[in-house]
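File shown here: run34.pdb, holding PDB, C-alpha atoms and all ligand atoms.
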ATOM      1  CA  MET O   1     -46.903 178.419 -22.615
ATOM      2  CA  LYS O   2     -45.233 180.212 -19.775
ATOM      3  CA  ILE O   3     -45.618 178.765 -16.262
ATOM      4  CA  ALA O   4     -44.910 181.218 -13.459
ATOM      5  CA  ALA O   5     -44.720 180.678  -9.721
ATOM      6  CA  TYR O   6     -45.669 183.664  -7.598
ATOM      7  CA  THR O   7     -47.257 184.934  -4.464
ATOM      8  CA  HIS O   8     -50.622 186.665  -4.599
ATOM      9  CA  GLN O   9     -52.196 188.150  -1.489
ATOM     10  CA  GLY O  10     -49.523 186.429   0.546
ATOM     11  CA  GLN O  11     -50.213 182.935  -0.790
ATOM     12  CA  PRO O  12     -48.027 180.839  -3.130
ATOM     13  CA  ALA O  13     -49.584 180.175  -6.523
ATOM     14  CA  VAL O  14     -48.704 178.769  -9.933
ATOM     15  CA  GLY O  15     -50.199 180.032 -13.156
ATOM     16  CA  LEU O  16     -49.992 180.555 -16.901
ATOM     17  CA  VAL O  17     -48.737 183.921 -18.128
ATOM     18  CA  SER O  18     -50.702 185.531 -20.971
ATOM     19  CA  ALA O  19     -49.062 186.055 -24.364
ATOM     20  CA  ASP O  20     -48.968 189.829 -23.814
ATOM     21  CA  LEU O  21     -47.200 189.271 -20.443
ATOM     22  CA  LYS O  22     -49.809 191.380 -18.649
ATOM     23  CA  GLU O  23     -51.777 188.737 -16.756
ATOM     24  CA  VAL O  24     -51.460 185.376 -15.097
ATOM     25  CA  ARG O  25     -54.222 182.791 -14.663
ATOM     26  CA  PRO O  26     -53.762 180.573 -11.608
ATOM     27  CA  LEU O  27     -53.749 176.792 -11.964
ATOM     28  CA  ASP O  28     -56.010 174.832  -9.660
ATOM     29  CA  LEU O  29     -53.367 172.927  -7.680
ATOM     30  CA  PRO O  30     -53.735 171.413  -4.196
ATOM     31  CA  ALA O  31     -52.476 173.916  -1.630
ATOM     32  CA  HIS O  32     -49.632 171.669  -0.422
ATOM     33  CA  LEU O  33     -48.144 171.545  -3.956
ATOM     34  CA  ARG O  34     -48.146 175.281  -4.706
ATOM     35  CA  ALA O  35     -44.902 175.946  -2.833
ATOM     36  CA  PHE O  36     -43.125 173.719  -5.370
ATOM     37  CA  GLY O  37     -43.965 176.091  -8.227
ATOM     38  CA  ALA O  38     -44.093 174.585 -11.707
ATOM     39  CA  LEU O  39     -42.661 171.223 -10.601
ATOM     40  CA  PRO O  40     -45.974 169.427  -9.872
ATOM     41  CA  VAL O  41     -47.357 170.745 -13.180
ATOM     42  CA  ILE O  42     -44.391 169.417 -15.184
ATOM     43  CA  GLU O  43     -44.706 166.096 -13.333
ATOM     44  CA  ALA O  44     -48.442 165.850 -14.041
ATOM     45  CA  LEU O  45     -47.934 166.618 -17.741
ATOM     46  CA  ALA O  46     -45.170 163.972 -17.878
ATOM     47  CA  ARG O  47     -47.673 161.442 -16.473
ATOM     48  CA  GLY O  48     -50.014 162.336 -19.320
ATOM     49  CA  GLU O  49     -52.474 164.176 -17.104
ATOM     50  CA  PRO O  50     -54.269 167.291 -18.405
ATOM     51  CA  MET O  51     -53.292 170.796 -17.374
ATOM     52  CA  PRO O  52     -55.114 171.751 -14.141
ATOM     53  CA  ALA O  53     -58.100 174.065 -14.491
ATOM     54  CA  LEU O  54     -57.459 177.799 -14.799
ATOM     55  CA  GLY O  55     -58.822 180.458 -12.453
ATOM     56  CA  PRO O  56     -59.591 184.106 -13.227
ATOM     57  CA  ALA O  57     -56.788 186.308 -14.560
ATOM     58  CA  VAL O  58     -54.763 188.535 -12.244
ATOM     59  CA  ALA O  59     -52.666 191.462 -13.470
ATOM     60  CA  LEU O  60     -48.932 190.713 -13.322
ATOM     61  CA  GLU O  61     -48.404 193.974 -11.411
ATOM     62  CA  HIS O  62     -50.503 192.565  -8.560
ATOM     63  CA  ILE O  63     -48.362 189.473  -8.027
ATOM     64  CA  GLN O  64     -44.781 188.886  -6.953
ATOM     65  CA  LEU O  65     -42.889 186.378  -9.084
ATOM     66  CA  THR O  66     -40.866 183.716  -7.292
ATOM     67  CA  ALA O  67     -38.460 181.262  -8.905
ATOM     68  CA  PRO O  68     -40.506 178.998 -11.227
ATOM     69  CA  LEU O  69     -38.924 176.016  -9.454
ATOM     70  CA  PRO O  70     -38.395 177.541  -5.994
ATOM     71  CA  ARG O  71     -37.543 174.190  -4.437
ATOM     72  CA  PRO O  72     -36.063 171.953  -7.150
ATOM     73  CA  ARG O  73     -36.349 168.228  -6.445
ATOM     74  CA  ARG O  74     -32.552 167.993  -6.275
ATOM     75  CA  ASN O  75     -29.368 169.821  -7.216
ATOM     76  CA  ILE O  76     -29.286 171.959 -10.351
ATOM     77  CA  PHE O  77     -27.061 170.282 -12.944
ATOM     78  CA  CYS O  78     -24.619 172.763 -14.480
ATOM     79  CA  VAL O  79     -22.067 172.702 -17.263
ATOM     80  CA  GLY O  80     -18.746 174.520 -16.977
ATOM     81  CA  LYS O  81     -16.790 176.090 -19.835
ATOM     82  CA  ASN O  82     -19.321 175.368 -22.567
ATOM     83  CA  TYR O  83     -18.794 178.370 -24.874
ATOM     84  CA  HIS O  84     -15.534 178.541 -26.828
ATOM     85  CA  ALA O  85     -14.722 182.180 -26.003
ATOM     86  CA  HIS O  86     -15.545 181.728 -22.288
ATOM     87  CA  ALA O  87     -13.378 178.593 -21.988
ATOM     88  CA  LYS O  88     -10.435 180.644 -23.266
ATOM     89  CA  GLU O  89     -11.086 183.635 -20.968
ATOM     90  CA  PHE O  90     -11.465 181.357 -17.942
ATOM     91  CA  ALA O  91      -8.299 179.362 -18.664
ATOM     92  CA  GLY O  92      -6.431 182.655 -19.009
ATOM     93  CA  SER O  93      -7.729 183.983 -15.686
ATOM     94  CA  GLY O  94      -5.470 181.808 -13.533
ATOM     95  CA  PHE O  95      -8.492 180.808 -11.430
ATOM     96  CA  ASP O  96      -9.272 177.599 -13.296
ATOM     97  CA  SER O  97      -8.260 174.633 -11.145
ATOM     98  CA  SER O  98      -9.311 172.318 -13.997
ATOM     99  CA  ALA O  99      -7.194 174.009 -16.696
ATOM    100  CA  LYS O 100      -4.519 171.968 -18.419
ATOM    101  CA  ALA O 101      -1.735 173.412 -20.550
ATOM    102  CA  GLY O 102      -2.915 173.681 -24.154
ATOM    103  CA  GLY O 103      -6.325 172.282 -23.260
ATOM    104  CA  ASP O 104      -8.588 175.309 -22.896
ATOM    105  CA  ILE O 105     -11.472 173.669 -24.785
ATOM    106  CA  PRO O 106     -12.938 170.680 -22.931
ATOM    107  CA  THR O 107     -13.185 167.396 -24.843
ATOM    108  CA  VAL O 108     -16.138 166.200 -22.729
ATOM    109  CA  PRO O 109     -18.825 168.201 -20.867
ATOM    110  CA  ILE O 110     -17.684 169.361 -17.414
ATOM    111  CA  TYR O 111     -20.567 168.859 -15.004
ATOM    112  CA  PHE O 112     -21.041 170.180 -11.494
ATOM    113  CA  THR O 113     -24.109 171.003  -9.397
ATOM    114  CA  LYS O 114     -25.595 173.750  -7.237
ATOM    115  CA  VAL O 115     -27.640 172.850  -4.163
ATOM    116  CA  PRO O 116     -31.410 173.461  -4.499
ATOM    117  CA  GLU O 117     -31.441 175.872  -1.554
ATOM    118  CA  SER O 118     -29.311 178.343  -3.543
ATOM    119  CA  VAL O 119     -32.327 179.159  -5.754
ATOM    120  CA  ILE O 120     -33.925 182.605  -5.454
ATOM    121  CA  GLY O 121     -36.537 184.365  -7.574
ATOM    122  CA  PRO O 122     -36.581 187.468  -9.781
ATOM    123  CA  ASN O 123     -35.664 190.711  -7.966
ATOM    124  CA  GLU O 124     -34.529 188.849  -4.846
ATOM    125  CA  PRO O 125     -31.071 190.021  -3.744
ATOM    126  CA  ILE O 126     -27.850 188.140  -4.357
ATOM    127  CA  LEU O 127     -26.019 188.400  -1.030
ATOM    128  CA  VAL O 128     -22.300 189.180  -1.084
ATOM    129  CA  VAL O 129     -20.467 188.773   2.214
ATOM    130  CA  PRO O 130     -16.985 190.301   1.935
ATOM    131  CA  GLU O 131     -15.729 188.322   4.958
ATOM    132  CA  VAL O 132     -16.454 185.079   3.059
ATOM    133  CA  SER O 133     -15.636 185.959  -0.545
ATOM    134  CA  THR O 134     -14.244 188.980  -2.362
ATOM    135  CA  ALA O 135     -14.601 187.494  -5.856
ATOM    136  CA  ILE O 136     -18.311 186.983  -6.560
ATOM    137  CA  ASP O 137     -19.128 186.773 -10.254
ATOM    138  CA  TYR O 138     -22.212 186.527 -12.485
ATOM    139  CA  GLU O 139     -22.822 183.897 -15.200
ATOM    140  CA  ALA O 140     -25.847 184.329 -17.486
ATOM    141  CA  GLU O 141     -27.125 180.919 -18.616
ATOM    142  CA  LEU O 142     -29.891 179.213 -20.539
ATOM    143  CA  ALA O 143     -31.340 176.429 -18.374
ATOM    144  CA  VAL O 144     -33.054 173.366 -19.841
ATOM    145  CA  VAL O 145     -36.040 171.924 -17.948
ATOM    146  CA  ILE O 146     -36.632 168.211 -18.425
ATOM    147  CA  GLY O 147     -40.196 167.079 -19.200
ATOM    148  CA  THR O 148     -40.197 163.336 -19.714
ATOM    149  CA  GLY O 149     -37.471 161.694 -17.676
ATOM    150  CA  GLY O 150     -35.303 158.799 -18.691
ATOM    151  CA  LYS O 151     -31.937 157.086 -18.601
ATOM    152  CA  GLY O 152     -29.606 156.320 -21.470
ATOM    153  CA  ILE O 153     -31.244 159.010 -23.616
ATOM    154  CA  LYS O 154     -29.552 159.248 -27.013
ATOM    155  CA  ALA O 155     -28.734 162.654 -28.478
ATOM    156  CA  ALA O 156     -31.073 162.008 -31.418
ATOM    157  CA  ASP O 157     -34.022 161.631 -29.011
ATOM    158  CA  ALA O 158     -32.937 164.150 -26.386
ATOM    159  CA  MET O 159     -35.012 167.159 -27.476
ATOM    160  CA  LYS O 160     -38.194 165.097 -26.951
ATOM    161  CA  HIS O 161     -37.280 165.064 -23.247
ATOM    162  CA  VAL O 162     -36.999 168.868 -23.013
ATOM    163  CA  TRP O 163     -40.138 170.481 -21.580
ATOM    164  CA  GLY O 164     -38.766 173.975 -21.935
ATOM    165  CA  TYR O 165     -36.390 176.592 -20.634
ATOM    166  CA  THR O 166     -35.718 179.241 -18.053
ATOM    167  CA  ILE O 167     -32.912 181.656 -17.132
ATOM    168  CA  ILE O 168     -30.335 181.015 -14.423
ATOM    169  CA  ASN O 169     -27.603 183.273 -13.105
ATOM    170  CA  ASP O 170     -24.886 180.802 -12.040
ATOM    171  CA  VAL O 171     -23.413 183.116  -9.396
ATOM    172  CA  THR O 172     -19.932 182.009  -8.380
ATOM    173  CA  ALA O 173     -17.399 182.797  -5.663
ATOM    174  CA  ARG O 174     -14.246 182.575  -7.796
ATOM    175  CA  ASP O 175     -11.866 182.424  -4.823
ATOM    176  CA  TRP O 176     -13.701 179.389  -3.410
ATOM    177  CA  GLN O 177     -13.955 177.810  -6.864
ATOM    178  CA  SER O 178     -10.184 177.996  -7.239
ATOM    179  CA  ARG O 179      -9.030 177.282  -3.699
ATOM    180  CA  HIS O 180     -11.122 174.164  -3.063
ATOM    181  CA  MET O 181     -10.257 172.379  -6.316
ATOM    182  CA  GLN O 182     -13.927 171.765  -7.169
ATOM    183  CA  TRP O 183     -16.916 173.918  -7.911
ATOM    184  CA  VAL O 184     -19.807 172.970  -5.655
ATOM    185  CA  LEU O 185     -18.849 175.185  -2.680
ATOM    186  CA  GLY O 186     -18.256 178.395  -4.592
ATOM    187  CA  LYS O 187     -21.361 177.823  -6.740
ATOM    188  CA  SER O 188     -23.824 176.967  -3.974
ATOM    189  CA  PHE O 189     -23.743 179.845  -1.495
ATOM    190  CA  ASP O 190     -27.190 180.965  -0.353
ATOM    191  CA  THR O 191     -28.820 183.166  -3.067
ATOM    192  CA  PHE O 192     -26.314 182.052  -5.752
ATOM    193  CA  CYS O 193     -28.946 180.693  -8.149
ATOM    194  CA  PRO O 194     -31.361 183.397  -9.325
ATOM    195  CA  MET O 195     -33.946 181.678 -11.577
ATOM    196  CA  GLY O 196     -36.815 182.993 -13.667
ATOM    197  CA  PRO O 197     -38.810 184.876 -14.611
ATOM    198  CA  TRP O 198     -40.843 181.740 -15.575
ATOM    199  CA  LEU O 199     -40.592 178.492 -17.502
ATOM    200  CA  VAL O 200     -41.221 178.711 -21.255
ATOM    201  CA  SER O 201     -42.248 175.582 -23.154
ATOM    202  CA  ALA O 202     -40.043 174.341 -25.978
ATOM    203  CA  ASP O 203     -42.684 175.129 -28.623
ATOM    204  CA  GLU O 204     -42.330 178.850 -27.756
ATOM    205  CA  CYS O 205     -38.551 179.078 -27.438
ATOM    206  CA  ASP O 206     -35.844 177.308 -29.421
ATOM    207  CA  GLY O 207     -33.054 177.025 -26.883
ATOM    208  CA  THR O 208     -30.693 175.614 -29.492
ATOM    209  CA  LYS O 209     -30.522 179.005 -31.208
ATOM    210  CA  THR O 210     -31.304 181.918 -28.961
ATOM    211  CA  SER O 211     -29.436 184.928 -27.634
ATOM    212  CA  VAL O 212     -28.071 185.250 -24.066
ATOM    213  CA  ARG O 213     -27.140 188.668 -22.691
ATOM    214  CA  CYS O 214     -26.017 190.022 -19.322
ATOM    215  CA  TYR O 215     -25.799 193.604 -18.073
ATOM    216  CA  VAL O 216     -24.350 194.918 -14.824
ATOM    217  CA  ASN O 217     -25.684 198.368 -13.933
ATOM    218  CA  GLY O 218     -26.728 198.702 -17.584
ATOM    219  CA  GLU O 219     -23.267 197.900 -18.982
ATOM    220  CA  GLU O 220     -23.311 194.980 -21.424
ATOM    221  CA  ARG O 221     -20.998 192.230 -20.211
ATOM    222  CA  GLN O 222     -22.162 189.100 -22.065
ATOM    223  CA  ASN O 223     -23.842 188.715 -25.462
ATOM    224  CA  ALA O 224     -23.750 185.398 -27.310
ATOM    225  CA  SER O 225     -25.855 182.840 -29.141
ATOM    226  CA  THR O 226     -26.491 179.325 -27.864
ATOM    227  CA  THR O 227     -25.384 178.171 -31.308
ATOM    228  CA  ASP O 228     -21.855 178.769 -29.938
ATOM    229  CA  LEU O 229     -22.179 176.039 -27.287
ATOM    230  CA  ILE O 230     -19.251 173.600 -27.351
ATOM    231  CA  PHE O 231     -21.576 170.751 -26.321
ATOM    232  CA  ASP O 232     -25.121 171.202 -27.591
ATOM    233  CA  ILE O 233     -28.250 170.415 -25.575
ATOM    234  CA  PRO O 234     -28.724 166.880 -27.010
ATOM    235  CA  THR O 235     -25.112 166.011 -26.183
ATOM    236  CA  LEU O 236     -25.492 167.394 -22.650
ATOM    237  CA  ILE O 237     -28.613 165.275 -22.065
ATOM    238  CA  GLU O 238     -27.020 162.145 -23.535
ATOM    239  CA  THR O 239     -23.961 162.555 -21.294
ATOM    240  CA  LEU O 240     -25.913 163.328 -18.129
ATOM    241  CA  SER O 241     -28.479 160.562 -18.562
ATOM    242  CA  ALA O 242     -25.974 157.835 -19.439
ATOM    243  CA  GLY O 243     -25.617 156.891 -15.779
ATOM    244  CA  ILE O 244     -28.129 159.138 -13.966
ATOM    245  CA  THR O 245     -31.885 158.794 -14.407
ATOM    246  CA  LEU O 246     -33.410 162.167 -15.263
ATOM    247  CA  TYR O 247     -36.785 163.172 -13.809
ATOM    248  CA  PRO O 248     -39.436 165.691 -14.854
ATOM    249  CA  GLY O 249     -38.436 169.128 -13.612
ATOM    250  CA  ASP O 250     -34.702 168.454 -13.551
ATOM    251  CA  VAL O 251     -32.746 171.570 -14.510
ATOM    252  CA  ILE O 252     -29.575 171.684 -16.622
ATOM    253  CA  ALA O 253     -27.796 175.056 -16.816
ATOM    254  CA  THR O 254     -25.955 174.961 -20.118
ATOM    255  CA  GLY O 255     -22.945 177.163 -19.339
ATOM    256  CA  THR O 256     -22.108 180.836 -19.629
ATOM    257  CA  PRO O 257     -20.693 182.880 -22.543
ATOM    258  CA  ALA O 258     -17.584 185.051 -22.477
ATOM    259  CA  GLY O 259     -17.712 188.303 -20.537
ATOM    260  CA  VAL O 260     -17.795 187.155 -16.908
ATOM    261  CA  GLY O 261     -16.219 189.483 -14.354
ATOM    262  CA  ILE O 262     -13.100 187.393 -13.952
ATOM    263  CA  GLY O 263     -12.355 187.778 -17.657
ATOM    264  CA  PHE O 264     -11.580 191.506 -17.218
ATOM    265  CA  LYS O 265      -8.229 192.891 -16.108
ATOM    266  CA  PRO O 266      -8.661 193.808 -13.350
ATOM    267  CA  PRO O 267     -11.673 191.560 -12.677
ATOM    268  CA  LYS O 268     -15.103 193.185 -12.396
ATOM    269  CA  TYR O 269     -16.702 191.359  -9.497
ATOM    270  CA  MET O 270     -20.147 192.126  -8.114
ATOM    271  CA  LYS O 271     -20.539 194.466  -5.191
ATOM    272  CA  ALA O 272     -23.401 195.618  -3.018
ATOM    273  CA  GLY O 273     -25.586 198.081  -4.886
ATOM    274  CA  ASP O 274     -25.067 196.488  -8.317
ATOM    275  CA  VAL O 275     -27.990 195.284 -10.425
ATOM    276  CA  VAL O 276     -27.434 192.249 -12.657
ATOM    277  CA  ARG O 277     -29.824 191.763 -15.550
ATOM    278  CA  VAL O 278     -29.908 188.602 -17.679
ATOM    279  CA  GLU O 279     -31.954 188.482 -20.888
ATOM    280  CA  ILE O 280     -32.648 185.501 -23.116
ATOM    281  CA  ASP O 281     -34.703 185.927 -26.281
ATOM    282  CA  GLY O 282     -37.888 183.879 -26.108
ATOM    283  CA  ILE O 283     -37.826 183.697 -22.294
ATOM    284  CA  GLY O 284     -37.572 187.174 -20.813
ATOM    285  CA  VAL O 285     -35.572 189.064 -18.207
ATOM    286  CA  LEU O 286     -34.137 187.989 -14.855
ATOM    287  CA  GLU O 287     -32.939 190.918 -12.749
ATOM    288  CA  SER O 288     -31.198 190.682  -9.373
ATOM    289  CA  PRO O 289     -30.011 193.414  -7.022
ATOM    290  CA  VAL O 290     -26.770 192.703  -5.146
ATOM    291  CA  ARG O 291     -26.672 193.347  -1.406
TER     292      ARG O 291
HETATM  293 MG    MG O 301     -21.852 178.460 -15.107
END
Just give me the structure of the file as structure tokens.
Ligand code: MG
Amino acid sequence: MKIAAYTHQGQPAVGLVSADLKEVRPLDLPAHLRAFGALPVIEALARGEPMPALGPAVALEHIQLTAPLPRPRRNIFCVGKNYHAHAKEFAGSGFDSSAKAGGDIPTVPIYFTKVPESVIGPNEPILVVPEVSTAIDYEAELAVVIGTGGKGIKAADAMKHVWGYTIINDVTARDWQSRHMQWVLGKSFDTFCPMGPWLVSADECDGTKTSVRCYVNGEERQNASTTDLIFDIPTLIETLSAGITLYPGDVIATGTPAGVGIGFKPPKYMKAGDVVRVEIDGIGVLESPVR
């Protein structure tokens, strides 16, 4: 199934998207929960409750999609340098404050987070402010959404904890990422986490082997398979949950492939007027204008 969060006639709603992607049927959720998008649905399913009742279908063209998790319960967990080719391009960029000589490929997953308030929905603008950063980059990523929570989850059991997937653009201010010797500032600017277009359940999308692509103004920049991940999804969940309890609706962005703007000489950073389009097979398209 695909769970979308959206506004319809000015009101927040959550619903299931039809297989032909033409309609959405709203879920009967209490009004105070609808602003949290798919989160209360994932939580209810994790408690073993049935899916809320469905209302009458509405054409997708009559709604406005928002991020499926517009207000995540806490920071988005993210993994840095998790594709072999990207780890090499990033180490070679001179911007990598974590790079060590001869050690381009990490030996353990590199985790950081983005604050929940950085999340925006499909077609909402990524804001670039030249006075603050002149090196704003895109990163197309598959994001895992946790269903059943847990702690000390072993890799062999990890996929049972995955509810499904969505797309994230892990927008990054490279100058801040380098200068401040950590990643949270440059990754968490307002609007730096486009998410969507919806959540797709794991029975409809195999995140362990799907294709991730990114286009800027129609020019292909990234194109890779998640089979090229350095640390696969079970390993990421095992590592993260060793000391941190995971909850339903937690989001783990699995890293970006080669082809980010900083990998070009000279770098191809985003500028006002650009349109960034991320596609993942089995999920859909997440497009963001840059302003
Ligand atoms: Mg990233």
Assuming the chain letters and numbering stay as they are in my file, what does the PyMOL selection byres (((chain O and resi 140) around 10) and not hetatm) actually select? List them as a PyMOL selection string. chain O and resi 138-139+141-143+167-171+194+212-215+221-223+253-260+276-280+286
How would the residues just chosen look if you wrote them out with C-alpha atoms as a tab-separated table (two decimals), keeping the file's coordinate frame?
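Once everything was written out, this is part.tsv:
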chain	number	residue	atom	x	y	z
O	138	TYR	CA	-22.21	186.53	-12.48
O	139	GLU	CA	-22.82	183.90	-15.20
O	141	GLU	CA	-27.12	180.92	-18.62
O	142	LEU	CA	-29.89	179.21	-20.54
O	143	ALA	CA	-31.34	176.43	-18.37
O	167	ILE	CA	-32.91	181.66	-17.13
O	168	ILE	CA	-30.34	181.02	-14.42
O	169	ASN	CA	-27.60	183.27	-13.10
O	170	ASP	CA	-24.89	180.80	-12.04
O	171	VAL	CA	-23.41	183.12	-9.40
O	194	PRO	CA	-31.36	183.40	-9.32
O	212	VAL	CA	-28.07	185.25	-24.07
O	213	ARG	CA	-27.14	188.67	-22.69
O	214	CYS	CA	-26.02	190.02	-19.32
O	215	TYR	CA	-25.80	193.60	-18.07
O	221	ARG	CA	-21.00	192.23	-20.21
O	222	GLN	CA	-22.16	189.10	-22.06
O	223	ASN	CA	-23.84	188.72	-25.46
O	253	ALA	CA	-27.80	175.06	-16.82
O	254	THR	CA	-25.96	174.96	-20.12
O	255	GLY	CA	-22.94	177.16	-19.34
O	256	THR	CA	-22.11	180.84	-19.63
O	257	PRO	CA	-20.69	182.88	-22.54
O	258	ALA	CA	-17.58	185.05	-22.48
O	259	GLY	CA	-17.71	188.30	-20.54
O	260	VAL	CA	-17.80	187.16	-16.91
O	276	VAL	CA	-27.43	192.25	-12.66
O	277	ARG	CA	-29.82	191.76	-15.55
O	278	VAL	CA	-29.91	188.60	-17.68
O	279	GLU	CA	-31.95	188.48	-20.89
O	280	ILE	CA	-32.65	185.50	-23.12
O	286	LEU	CA	-34.14	187.99	-14.86
For Pro68 (chain O), list every protein, DNA or RNA residue within 8 Å, evaluated using only C-alpha atoms, and leave out those in the same chain fewer than 6 positions away; present the list as a PyMOL selection string. chain O and resi 3-6+37-38+121+195-199
Evaluate the PyMOL selection byres (((chain O and resi 149) around 10) and not hetatm) against this structure - the residues, as a short mmCIF file (atom, residue, chain, number, x, y, z; two decimals) with C-alpha atoms, in the frame of the given file, please.
data_model
loop_
_atom_site.label_atom_id
_atom_site.label_comp_id
_atom_site.auth_asym_id
_atom_site.auth_seq_id
_atom_site.Cartn_x
_atom_site.Cartn_y
_atom_site.Cartn_z
CA GLU O 43 -44.71 166.10 -13.33
CA ALA O 46 -45.17 163.97 -17.88
CA ILE O 146 -36.63 168.21 -18.42
CA GLY O 147 -40.20 167.08 -19.20
CA THR O 148 -40.20 163.34 -19.71
CA GLY O 150 -35.30 158.80 -18.69
CA LYS O 151 -31.94 157.09 -18.60
CA ILE O 153 -31.24 159.01 -23.62
CA LYS O 160 -38.19 165.10 -26.95
CA HIS O 161 -37.28 165.06 -23.25
CA VAL O 162 -37.00 168.87 -23.01
CA TRP O 163 -40.14 170.48 -21.58
CA SER O 241 -28.48 160.56 -18.56
CA THR O 245 -31.88 158.79 -14.41
CA LEU O 246 -33.41 162.17 -15.26
CA TYR O 247 -36.78 163.17 -13.81
CA PRO O 248 -39.44 165.69 -14.85
CA GLY O 249 -38.44 169.13 -13.61
CA ASP O 250 -34.70 168.45 -13.55
#
Can you tell me, as number ranges by chain, what residues are no more than 12 Å from Ile136 (chain O) when counting all atoms listed in the file, ignoring any on the same chain fewer than 2 positions away? O: 126-134, 138-139, 169-177, 186-189, 191-192, 260-262, 267-272, 274, 290-291
Between O:Ala135, O:Val79, O:Ala156, O:Cys193, which has the minimum distance to Phe231 (chain O) (counting all atoms listed in the file)?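 Smallest separation from Phe231 (chain O) among the options: O:Val79.
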Considering all atoms listed in the file, return as a ChimeraX atom specification whatever protein or nucleic-acid residues lie within 8 Å of His8 (chain O), sequence-local ones (same chain, fewer than 4 positions apart) excluded. /O:12-13,62-64
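Atom pair CA of Thr7 (chain O) / CA of Ile76 (chain O) has a distance of 22.9 Å (rounded to one decimal).
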Compute the distance from (-26.5, 170.9, -27.2) to each atom, counting all atoms listed in the file, keep the residues with any atom at most 10 Å away, and return them as a compact mmCIF listing (two decimals) with C-alpha atoms, in the frame of the given file; use the coordinates of the file.
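Written out: selection-v6.txt:
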# COMPACT_ATOMS: atom_id res chain seq x y z
CA ASN O 82 -19.32 175.37 -22.57
CA ALA O 155 -28.73 162.65 -28.48
CA ALA O 158 -32.94 164.15 -26.39
CA MET O 159 -35.01 167.16 -27.48
CA GLY O 207 -33.05 177.02 -26.88
CA THR O 208 -30.69 175.61 -29.49
CA LYS O 209 -30.52 179.00 -31.21
CA THR O 226 -26.49 179.32 -27.86
CA THR O 227 -25.38 178.17 -31.31
CA ASP O 228 -21.86 178.77 -29.94
CA LEU O 229 -22.18 176.04 -27.29
CA ILE O 230 -19.25 173.60 -27.35
CA PHE O 231 -21.58 170.75 -26.32
CA ASP O 232 -25.12 171.20 -27.59
CA ILE O 233 -28.25 170.42 -25.58
CA PRO O 234 -28.72 166.88 -27.01
CA THR O 235 -25.11 166.01 -26.18
CA LEU O 236 -25.49 167.39 -22.65
CA ILE O 237 -28.61 165.28 -22.06
CA GLU O 238 -27.02 162.15 -23.54
CA THR O 254 -25.96 174.96 -20.12
Counting all atoms listed in the file, the residue of O:Cys205, O:Ala91, O:Ala53, O:Ala242 that sits nearest Ile283 (chain O):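 Among the listed residues, the smallest separation from Ile283 (chain O) belongs to O:Cys205.
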